[in-house]
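Shown next: upload-v9.cif, containing mmCIF, N, CA and C atoms.
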data_structure
#
loop_
_atom_site.label_atom_id
_atom_site.label_comp_id
_atom_site.auth_asym_id
_atom_site.auth_seq_id
_atom_site.Cartn_x
_atom_site.Cartn_y
_atom_site.Cartn_z
N MET A 282 37.92 -24.23 -130.27
CA MET A 282 38.60 -23.81 -129.07
C MET A 282 39.34 -22.49 -129.29
N ALA A 283 39.97 -22.32 -130.46
CA ALA A 283 40.69 -21.08 -130.75
C ALA A 283 39.73 -19.90 -130.78
N LEU A 284 38.51 -20.10 -131.27
CA LEU A 284 37.52 -19.04 -131.32
C LEU A 284 37.12 -18.61 -129.91
N ALA A 285 36.95 -19.53 -129.00
CA ALA A 285 36.58 -19.21 -127.62
C ALA A 285 37.68 -18.38 -126.97
N GLY A 286 38.94 -18.72 -127.19
CA GLY A 286 40.04 -17.95 -126.64
C GLY A 286 40.08 -16.54 -127.20
N SER A 287 39.79 -16.39 -128.49
CA SER A 287 39.76 -15.07 -129.12
C SER A 287 38.65 -14.22 -128.55
N LEU A 288 37.48 -14.83 -128.32
CA LEU A 288 36.35 -14.09 -127.75
C LEU A 288 36.67 -13.62 -126.33
N ALA A 289 37.33 -14.48 -125.56
CA ALA A 289 37.70 -14.09 -124.20
C ALA A 289 38.68 -12.93 -124.24
N PHE A 290 39.63 -12.96 -125.17
CA PHE A 290 40.60 -11.88 -125.30
C PHE A 290 39.91 -10.57 -125.68
N LEU A 291 38.95 -10.63 -126.61
CA LEU A 291 38.20 -9.44 -127.00
C LEU A 291 37.39 -8.90 -125.84
N PHE A 292 36.79 -9.79 -125.05
CA PHE A 292 36.01 -9.36 -123.89
C PHE A 292 36.92 -8.63 -122.89
N LEU A 293 38.11 -9.16 -122.64
CA LEU A 293 39.03 -8.51 -121.71
C LEU A 293 39.44 -7.14 -122.21
N LEU A 294 39.66 -7.00 -123.50
CA LEU A 294 40.01 -5.69 -124.05
C LEU A 294 38.86 -4.70 -123.87
N ALA A 295 37.64 -5.15 -124.11
CA ALA A 295 36.48 -4.26 -123.99
C ALA A 295 36.19 -3.91 -122.54
N ALA A 296 36.47 -4.83 -121.60
CA ALA A 296 36.13 -4.61 -120.20
C ALA A 296 37.22 -3.84 -119.46
N SER A 297 38.43 -3.79 -119.99
CA SER A 297 39.53 -3.10 -119.30
C SER A 297 39.41 -1.60 -119.48
N PRO A 298 39.70 -0.82 -118.41
CA PRO A 298 39.68 0.63 -118.56
C PRO A 298 40.81 1.07 -119.49
N SER A 299 40.57 2.13 -120.18
CA SER A 299 41.56 2.65 -121.12
C SER A 299 42.76 3.19 -120.37
N SER A 300 43.94 2.85 -120.85
CA SER A 300 45.15 3.34 -120.20
C SER A 300 45.43 4.80 -120.59
N SER A 301 44.64 5.35 -121.50
CA SER A 301 44.86 6.74 -121.90
C SER A 301 43.94 7.70 -121.15
N GLN A 302 43.27 7.22 -120.12
CA GLN A 302 42.35 8.07 -119.36
C GLN A 302 42.87 8.27 -117.94
N LEU A 303 42.63 9.44 -117.41
CA LEU A 303 42.92 9.76 -116.03
C LEU A 303 41.65 10.37 -115.48
N ILE A 304 41.00 9.69 -114.55
CA ILE A 304 39.71 10.16 -114.03
C ILE A 304 39.71 10.12 -112.51
N PHE A 305 38.95 11.06 -111.91
CA PHE A 305 38.81 11.08 -110.46
C PHE A 305 37.85 9.98 -110.01
N LEU A 306 38.26 9.27 -108.98
CA LEU A 306 37.37 8.31 -108.30
C LEU A 306 36.73 8.99 -107.10
N MET A 307 37.47 9.86 -106.42
CA MET A 307 36.97 10.67 -105.31
C MET A 307 37.50 12.08 -105.51
N GLU A 308 36.58 13.03 -105.61
CA GLU A 308 36.94 14.43 -105.79
C GLU A 308 36.49 15.20 -104.56
N PRO A 309 37.26 16.18 -104.11
CA PRO A 309 36.86 16.92 -102.91
C PRO A 309 35.57 17.70 -103.14
N PRO A 310 34.82 17.96 -102.05
CA PRO A 310 33.58 18.74 -102.17
C PRO A 310 33.89 20.20 -102.44
N PRO A 311 32.91 20.98 -102.89
CA PRO A 311 33.14 22.41 -103.13
C PRO A 311 33.46 23.17 -101.84
N ARG A 312 32.95 22.69 -100.71
CA ARG A 312 33.17 23.36 -99.43
C ARG A 312 33.35 22.32 -98.34
N LEU A 313 34.32 22.56 -97.46
CA LEU A 313 34.54 21.68 -96.31
C LEU A 313 34.51 22.54 -95.06
N SER A 314 33.42 22.41 -94.30
CA SER A 314 33.25 23.15 -93.05
C SER A 314 33.56 22.21 -91.90
N PHE A 315 34.32 22.70 -90.93
CA PHE A 315 34.67 21.87 -89.79
C PHE A 315 34.93 22.74 -88.57
N SER A 316 34.91 22.10 -87.42
CA SER A 316 35.12 22.76 -86.15
C SER A 316 36.57 22.63 -85.71
N ASN A 317 37.05 23.61 -84.97
CA ASN A 317 38.41 23.51 -84.45
C ASN A 317 38.56 22.37 -83.45
N SER A 318 37.46 21.94 -82.84
CA SER A 318 37.54 20.86 -81.86
C SER A 318 37.60 19.48 -82.50
N THR A 319 37.25 19.39 -83.78
CA THR A 319 37.23 18.08 -84.43
C THR A 319 38.29 17.92 -85.51
N GLY A 320 38.64 19.01 -86.19
CA GLY A 320 39.49 18.88 -87.36
C GLY A 320 38.71 18.19 -88.47
N ALA A 321 39.39 17.79 -89.54
CA ALA A 321 38.71 17.14 -90.67
C ALA A 321 39.74 16.44 -91.54
N SER A 322 39.24 15.61 -92.41
CA SER A 322 40.09 15.04 -93.46
C SER A 322 39.23 14.90 -94.70
N VAL A 323 39.88 15.00 -95.84
CA VAL A 323 39.19 14.88 -97.12
C VAL A 323 40.09 14.10 -98.05
N SER A 324 39.47 13.21 -98.83
CA SER A 324 40.24 12.34 -99.71
C SER A 324 40.11 12.74 -101.16
N CYS A 325 41.14 12.43 -101.90
CA CYS A 325 41.15 12.61 -103.34
C CYS A 325 41.79 11.36 -103.92
N ALA A 326 41.17 10.78 -104.93
CA ALA A 326 41.70 9.58 -105.57
C ALA A 326 41.38 9.63 -107.05
N ALA A 327 42.29 9.10 -107.84
CA ALA A 327 42.11 9.08 -109.29
C ALA A 327 42.59 7.73 -109.83
N HIS A 328 42.08 7.39 -111.01
CA HIS A 328 42.47 6.14 -111.68
C HIS A 328 43.24 6.47 -112.94
N GLY A 329 44.28 5.71 -113.16
CA GLY A 329 45.06 5.81 -114.38
C GLY A 329 46.09 4.69 -114.38
N THR A 330 46.68 4.42 -115.53
CA THR A 330 47.71 3.40 -115.63
C THR A 330 48.94 4.04 -116.24
N PRO A 331 50.02 4.11 -115.50
CA PRO A 331 50.20 3.69 -114.10
C PRO A 331 49.43 4.61 -113.15
N ALA A 332 49.38 4.21 -111.89
CA ALA A 332 48.62 4.97 -110.89
C ALA A 332 49.13 6.41 -110.84
N PRO A 333 48.23 7.39 -110.84
CA PRO A 333 48.65 8.80 -110.80
C PRO A 333 49.15 9.21 -109.42
N THR A 334 49.88 10.30 -109.40
CA THR A 334 50.34 10.91 -108.16
C THR A 334 49.34 11.99 -107.78
N ILE A 335 48.90 11.98 -106.52
CA ILE A 335 47.93 12.96 -106.02
C ILE A 335 48.69 14.05 -105.26
N THR A 336 48.37 15.31 -105.58
CA THR A 336 48.99 16.45 -104.92
C THR A 336 47.88 17.45 -104.61
N TRP A 337 47.92 18.03 -103.41
CA TRP A 337 47.00 19.10 -103.05
C TRP A 337 47.67 20.44 -103.37
N LEU A 338 46.91 21.33 -104.01
CA LEU A 338 47.44 22.62 -104.46
C LEU A 338 46.69 23.78 -103.81
N THR A 339 47.40 24.89 -103.63
CA THR A 339 46.77 26.13 -103.17
C THR A 339 46.02 26.75 -104.35
N GLU A 340 45.33 27.83 -104.06
CA GLU A 340 44.58 28.56 -105.09
C GLU A 340 45.52 29.05 -106.21
N ASP A 341 46.77 29.27 -105.87
CA ASP A 341 47.76 29.74 -106.84
C ASP A 341 48.44 28.60 -107.60
N GLY A 342 48.06 27.36 -107.32
CA GLY A 342 48.65 26.22 -108.00
C GLY A 342 49.94 25.70 -107.39
N VAL A 343 50.25 26.16 -106.19
CA VAL A 343 51.46 25.72 -105.49
C VAL A 343 51.11 24.53 -104.60
N PRO A 344 51.93 23.47 -104.57
CA PRO A 344 51.64 22.35 -103.67
C PRO A 344 51.57 22.81 -102.22
N VAL A 345 50.57 22.32 -101.48
CA VAL A 345 50.43 22.71 -100.07
C VAL A 345 51.61 22.17 -99.28
N SER A 346 52.02 22.93 -98.31
CA SER A 346 53.09 22.49 -97.42
C SER A 346 52.44 21.95 -96.15
N ASP A 347 53.10 20.97 -95.56
CA ASP A 347 52.62 20.46 -94.28
C ASP A 347 52.88 21.51 -93.21
N VAL A 348 51.91 21.67 -92.30
CA VAL A 348 52.04 22.56 -91.17
C VAL A 348 51.88 21.67 -89.94
N PRO A 349 52.99 21.40 -89.23
CA PRO A 349 52.95 20.44 -88.13
C PRO A 349 51.78 20.65 -87.17
N GLY A 350 51.00 19.57 -86.99
CA GLY A 350 49.86 19.60 -86.08
C GLY A 350 48.60 20.21 -86.65
N LEU A 351 48.70 20.90 -87.80
CA LEU A 351 47.53 21.57 -88.37
C LEU A 351 47.11 21.01 -89.72
N ARG A 352 48.08 20.74 -90.60
CA ARG A 352 47.74 20.26 -91.94
C ARG A 352 48.82 19.32 -92.45
N GLU A 353 48.37 18.22 -93.04
CA GLU A 353 49.31 17.28 -93.64
C GLU A 353 48.67 16.64 -94.87
N ALA A 354 49.39 16.69 -95.98
CA ALA A 354 48.97 16.00 -97.20
C ALA A 354 49.58 14.61 -97.15
N LEU A 355 48.74 13.60 -96.99
CA LEU A 355 49.22 12.23 -96.83
C LEU A 355 49.50 11.58 -98.18
N PRO A 356 50.39 10.59 -98.22
CA PRO A 356 50.74 9.94 -99.49
C PRO A 356 49.56 9.26 -100.20
N ASN A 357 48.51 8.91 -99.45
CA ASN A 357 47.35 8.23 -100.05
C ASN A 357 46.34 9.19 -100.67
N GLY A 358 46.65 10.50 -100.71
CA GLY A 358 45.75 11.48 -101.31
C GLY A 358 44.82 12.16 -100.33
N THR A 359 44.91 11.81 -99.05
CA THR A 359 44.07 12.43 -98.03
C THR A 359 44.74 13.70 -97.52
N LEU A 360 43.93 14.74 -97.37
CA LEU A 360 44.38 15.98 -96.73
C LEU A 360 43.84 15.95 -95.31
N TRP A 361 44.74 15.96 -94.33
CA TRP A 361 44.37 15.91 -92.92
C TRP A 361 44.49 17.30 -92.32
N LEU A 362 43.44 17.71 -91.60
CA LEU A 362 43.42 19.00 -90.90
C LEU A 362 43.16 18.70 -89.43
N GLY A 363 44.13 18.99 -88.58
CA GLY A 363 44.02 18.64 -87.17
C GLY A 363 43.16 19.61 -86.39
N ALA A 364 42.72 19.14 -85.22
CA ALA A 364 42.02 20.02 -84.29
C ALA A 364 43.00 21.12 -83.86
N PHE A 365 42.47 22.29 -83.56
CA PHE A 365 43.34 23.42 -83.22
C PHE A 365 42.66 24.35 -82.24
N SER A 366 43.47 25.10 -81.50
CA SER A 366 42.94 26.10 -80.58
C SER A 366 42.68 27.39 -81.36
N ALA A 367 41.90 28.28 -80.77
CA ALA A 367 41.62 29.56 -81.44
C ALA A 367 42.92 30.32 -81.70
N ALA A 368 43.89 30.19 -80.82
CA ALA A 368 45.17 30.89 -80.99
C ALA A 368 45.98 30.32 -82.16
N GLN A 369 45.71 29.06 -82.55
CA GLN A 369 46.44 28.43 -83.65
C GLN A 369 45.81 28.69 -85.02
N TYR A 370 44.68 29.38 -85.05
CA TYR A 370 43.99 29.62 -86.32
C TYR A 370 44.91 30.35 -87.30
N ARG A 371 44.94 29.84 -88.54
CA ARG A 371 45.70 30.47 -89.62
C ARG A 371 44.82 30.51 -90.86
N SER A 372 44.62 31.68 -91.42
CA SER A 372 43.74 31.78 -92.59
C SER A 372 44.29 31.00 -93.78
N ASP A 373 45.62 30.90 -93.91
CA ASP A 373 46.19 30.15 -95.03
C ASP A 373 45.97 28.64 -94.91
N VAL A 374 45.63 28.18 -93.70
CA VAL A 374 45.34 26.77 -93.48
C VAL A 374 43.84 26.54 -93.34
N HIS A 375 43.16 27.37 -92.55
CA HIS A 375 41.77 27.12 -92.17
C HIS A 375 40.72 27.84 -92.99
N ALA A 376 41.11 28.74 -93.87
CA ALA A 376 40.16 29.44 -94.74
C ALA A 376 40.69 29.48 -96.17
N ALA A 377 41.39 28.44 -96.55
CA ALA A 377 42.04 28.39 -97.86
C ALA A 377 41.13 27.83 -98.94
N VAL A 378 41.48 28.09 -100.18
CA VAL A 378 40.85 27.44 -101.33
C VAL A 378 41.91 26.50 -101.90
N LEU A 379 41.58 25.23 -101.93
CA LEU A 379 42.52 24.20 -102.38
C LEU A 379 41.89 23.38 -103.50
N ARG A 380 42.74 22.66 -104.22
CA ARG A 380 42.25 21.69 -105.19
C ARG A 380 43.22 20.53 -105.25
N CYS A 381 42.73 19.46 -105.80
CA CYS A 381 43.50 18.23 -105.90
C CYS A 381 43.97 18.06 -107.34
N ARG A 382 45.23 17.65 -107.49
CA ARG A 382 45.77 17.39 -108.82
C ARG A 382 46.18 15.92 -108.90
N ALA A 383 45.72 15.26 -109.95
CA ALA A 383 46.14 13.89 -110.24
C ALA A 383 46.99 13.96 -111.49
N ALA A 384 48.22 13.47 -111.40
CA ALA A 384 49.14 13.55 -112.54
C ALA A 384 49.73 12.18 -112.81
N GLY A 385 49.79 11.84 -114.08
CA GLY A 385 50.38 10.58 -114.50
C GLY A 385 50.97 10.72 -115.88
N THR A 386 51.40 9.60 -116.42
CA THR A 386 52.04 9.64 -117.74
C THR A 386 51.07 10.02 -118.84
N VAL A 387 49.76 9.83 -118.58
CA VAL A 387 48.76 10.15 -119.61
C VAL A 387 48.24 11.58 -119.48
N GLY A 388 48.70 12.33 -118.47
CA GLY A 388 48.27 13.71 -118.33
C GLY A 388 48.01 14.11 -116.89
N THR A 389 47.30 15.21 -116.75
CA THR A 389 47.00 15.79 -115.45
C THR A 389 45.55 16.23 -115.43
N VAL A 390 44.86 15.99 -114.32
CA VAL A 390 43.50 16.51 -114.13
C VAL A 390 43.46 17.26 -112.80
N LEU A 391 42.69 18.34 -112.79
CA LEU A 391 42.51 19.14 -111.58
C LEU A 391 41.08 19.03 -111.11
N SER A 392 40.91 18.93 -109.80
CA SER A 392 39.56 18.89 -109.22
C SER A 392 38.98 20.29 -109.21
N ARG A 393 37.72 20.36 -108.85
CA ARG A 393 37.11 21.67 -108.60
C ARG A 393 37.76 22.28 -107.37
N ASP A 394 37.57 23.57 -107.18
CA ASP A 394 38.05 24.24 -105.98
C ASP A 394 37.29 23.74 -104.77
N MET A 395 37.99 23.65 -103.64
CA MET A 395 37.36 23.31 -102.35
C MET A 395 37.70 24.44 -101.38
N ARG A 396 36.67 25.07 -100.84
CA ARG A 396 36.86 26.17 -99.88
C ARG A 396 36.79 25.59 -98.47
N LEU A 397 37.85 25.81 -97.70
CA LEU A 397 37.87 25.39 -96.29
C LEU A 397 37.24 26.47 -95.44
N GLU A 398 36.39 26.04 -94.50
CA GLU A 398 35.73 26.97 -93.58
C GLU A 398 35.81 26.38 -92.17
N ALA A 399 36.79 26.85 -91.41
CA ALA A 399 36.93 26.38 -90.04
C ALA A 399 36.17 27.31 -89.10
N ALA A 400 35.55 26.72 -88.10
CA ALA A 400 34.85 27.49 -87.07
C ALA A 400 35.57 27.26 -85.76
N THR A 401 35.80 28.33 -85.01
CA THR A 401 36.43 28.19 -83.70
C THR A 401 35.41 28.47 -82.63
N CYS A 402 35.45 27.66 -81.61
CA CYS A 402 34.52 27.80 -80.50
C CYS A 402 35.01 28.93 -79.61
N THR A 403 34.13 29.86 -79.29
CA THR A 403 34.52 31.01 -78.47
C THR A 403 34.15 30.81 -77.00
N ARG A 404 33.28 29.88 -76.72
CA ARG A 404 32.92 29.53 -75.34
C ARG A 404 32.44 28.09 -75.35
N PRO A 405 32.49 27.41 -74.23
CA PRO A 405 32.07 26.01 -74.22
C PRO A 405 30.59 25.86 -74.57
N CYS A 406 30.27 24.79 -75.25
CA CYS A 406 28.87 24.49 -75.57
C CYS A 406 28.17 24.01 -74.32
N SER A 407 26.93 24.42 -74.14
CA SER A 407 26.15 23.91 -73.01
C SER A 407 25.50 22.60 -73.43
N ALA A 408 25.05 21.85 -72.48
CA ALA A 408 24.40 20.56 -72.77
C ALA A 408 23.15 20.77 -73.61
N ALA A 409 22.51 21.95 -73.49
CA ALA A 409 21.29 22.22 -74.24
C ALA A 409 21.57 22.62 -75.69
N ALA A 410 22.82 22.98 -75.99
CA ALA A 410 23.15 23.44 -77.35
C ALA A 410 23.17 22.26 -78.31
N PRO A 411 22.82 22.49 -79.56
CA PRO A 411 22.92 21.42 -80.56
C PRO A 411 24.35 20.92 -80.67
N ARG A 412 24.52 19.69 -81.08
CA ARG A 412 25.85 19.08 -81.15
C ARG A 412 26.58 19.37 -82.46
N ALA A 413 25.95 20.06 -83.40
CA ALA A 413 26.62 20.38 -84.67
C ALA A 413 27.79 21.32 -84.40
N PRO A 414 28.87 21.22 -85.18
CA PRO A 414 30.02 22.10 -84.96
C PRO A 414 29.68 23.58 -85.09
N TRP A 415 28.60 23.93 -85.76
CA TRP A 415 28.24 25.34 -85.96
C TRP A 415 27.16 25.74 -84.97
N ALA A 416 27.16 25.11 -83.80
CA ALA A 416 26.21 25.39 -82.73
C ALA A 416 26.40 26.82 -82.25
N PRO A 417 25.42 27.38 -81.51
CA PRO A 417 25.50 28.77 -81.06
C PRO A 417 26.77 29.09 -80.26
N CYS A 418 27.44 28.10 -79.70
CA CYS A 418 28.65 28.38 -78.92
C CYS A 418 29.85 28.65 -79.82
N CYS A 419 29.71 28.38 -81.08
CA CYS A 419 30.83 28.55 -81.98
C CYS A 419 30.56 29.69 -82.96
N ARG A 420 31.62 30.37 -83.35
CA ARG A 420 31.45 31.41 -84.36
C ARG A 420 32.44 31.12 -85.48
N ALA A 421 32.04 31.40 -86.69
CA ALA A 421 32.93 31.22 -87.84
C ALA A 421 34.01 32.27 -87.80
N THR A 422 35.20 31.89 -88.19
CA THR A 422 36.30 32.86 -88.21
C THR A 422 36.48 33.36 -89.62
#
I'd like the structure from this file rewritten - as structure tokens, please.
Amino acid sequence: MALAGSLAFLFLLAASPSSSQLIFLMEPPPRLSFSNSTGASVSCAAHGTPAPTITWLTEDGVPVSDVPGLREALPNGTLWLGAFSAAQYRSDVHAAVLRCRAAGTVGTVLSRDMRLEAATCTRPCSAAAPRAPWAPCCRAT
């Protein structure tokens, strides 16, 4: 009986993830293209013990600031980008290069760069136009 308990303990040790590792479970894509009429969201998640803190960073390594109605870094690691009018377009929000940082007691990992590409619609789409956000009625800014 003691041998069976020891084997179970060894199995649990072998099957448990290492507490000295910090790895991404969801990493942002290299490019996120979206329409001003839809907005977008992108998630970042990492595993570590204890659970790491997720932060979105600018190209310069500065944590992104929330921009009311346009951009919000949520506590769950999701970056939310709201729908916006052409007049609300901001290059620092809609054409930025961002990355995700996961930080914990075992270290820090950075995701690859993600380039945001927002397209603003310059005239209404006709019923005959394709439904993709980059349809002929829209132009990239």
Practice task
Given the file shown, determine the residues that the PyMOL selection byres ((chain A and resi 351-359) around 6.5) selects; report them as a PyMOL selection string.
Solution key: chain A and resi 322-326+335-336+346-350+360-364
Practice task
Could you tell me how far atom CA of Cys381 of chain A lies from atom CA of Ser316 of chain A, in Å and to one decimal?
Solution key: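 Separation of atom CA of Cys381 of chain A and atom CA of Ser316 of chain A: 21.9 Å.
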Handout entry: Distance query Ala399 of chain A at most 8 Å, only C-alpha atoms, self and fewer than 2 positions along chain excluded, as a list in words
Key =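 Near neighbours after the sequence-gap exclusion: Ser314, Phe315, Ser316, Asn317, His375, Ala376, Leu397, Thr401, Ala421 and Thr422 of chain A.
The result of the PyMOL selection byres ((chain A and resi 387) around 7) on the shown file is A:Ser300, A:Ser301, A:Gln302, A:Leu303, A:Thr330, A:Pro331, A:Ala384, A:Gly385, A:Thr386, A:Gly388, A:Thr389.
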Practice task
For Leu391 of chain A, please output as a ChimeraX atom specification all residues within 7 Å (counting all atoms listed in the file; exclusion window: fewer than 2 positions along the same chain).
Solution key: /A:380-383,389,393-394
Problem - Nearest-residue call for Ala327 of chain A, choices A:Ala377, A:Ile304, A:Ala367, A:Cys402, using all atoms listed in the file - result: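 Of the candidates, the smallest distance to Ala327 of chain A is held by A:Ile304.
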Exercise for the section: Between atom N of Asp341 of chain A and atom CA of His328 of chain A, measure the distance and give it in Å to one decimal. Expected result: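 Atom CA of His328 of chain A lies 24.2 Å from atom N of Asp341 of chain A.
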Handout entry: Pick from A:Val343, A:Ala321, A:Val378, A:Val390 nearest to Phe305 of chain A, counting only N, CA and C atoms
Key =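 Closest to Phe305 of chain A, using only N, CA and C atoms: A:Val390.
Atom N of Leu379 of chain A sits 5.5 Å away from atom CA of Glu340 of chain A.
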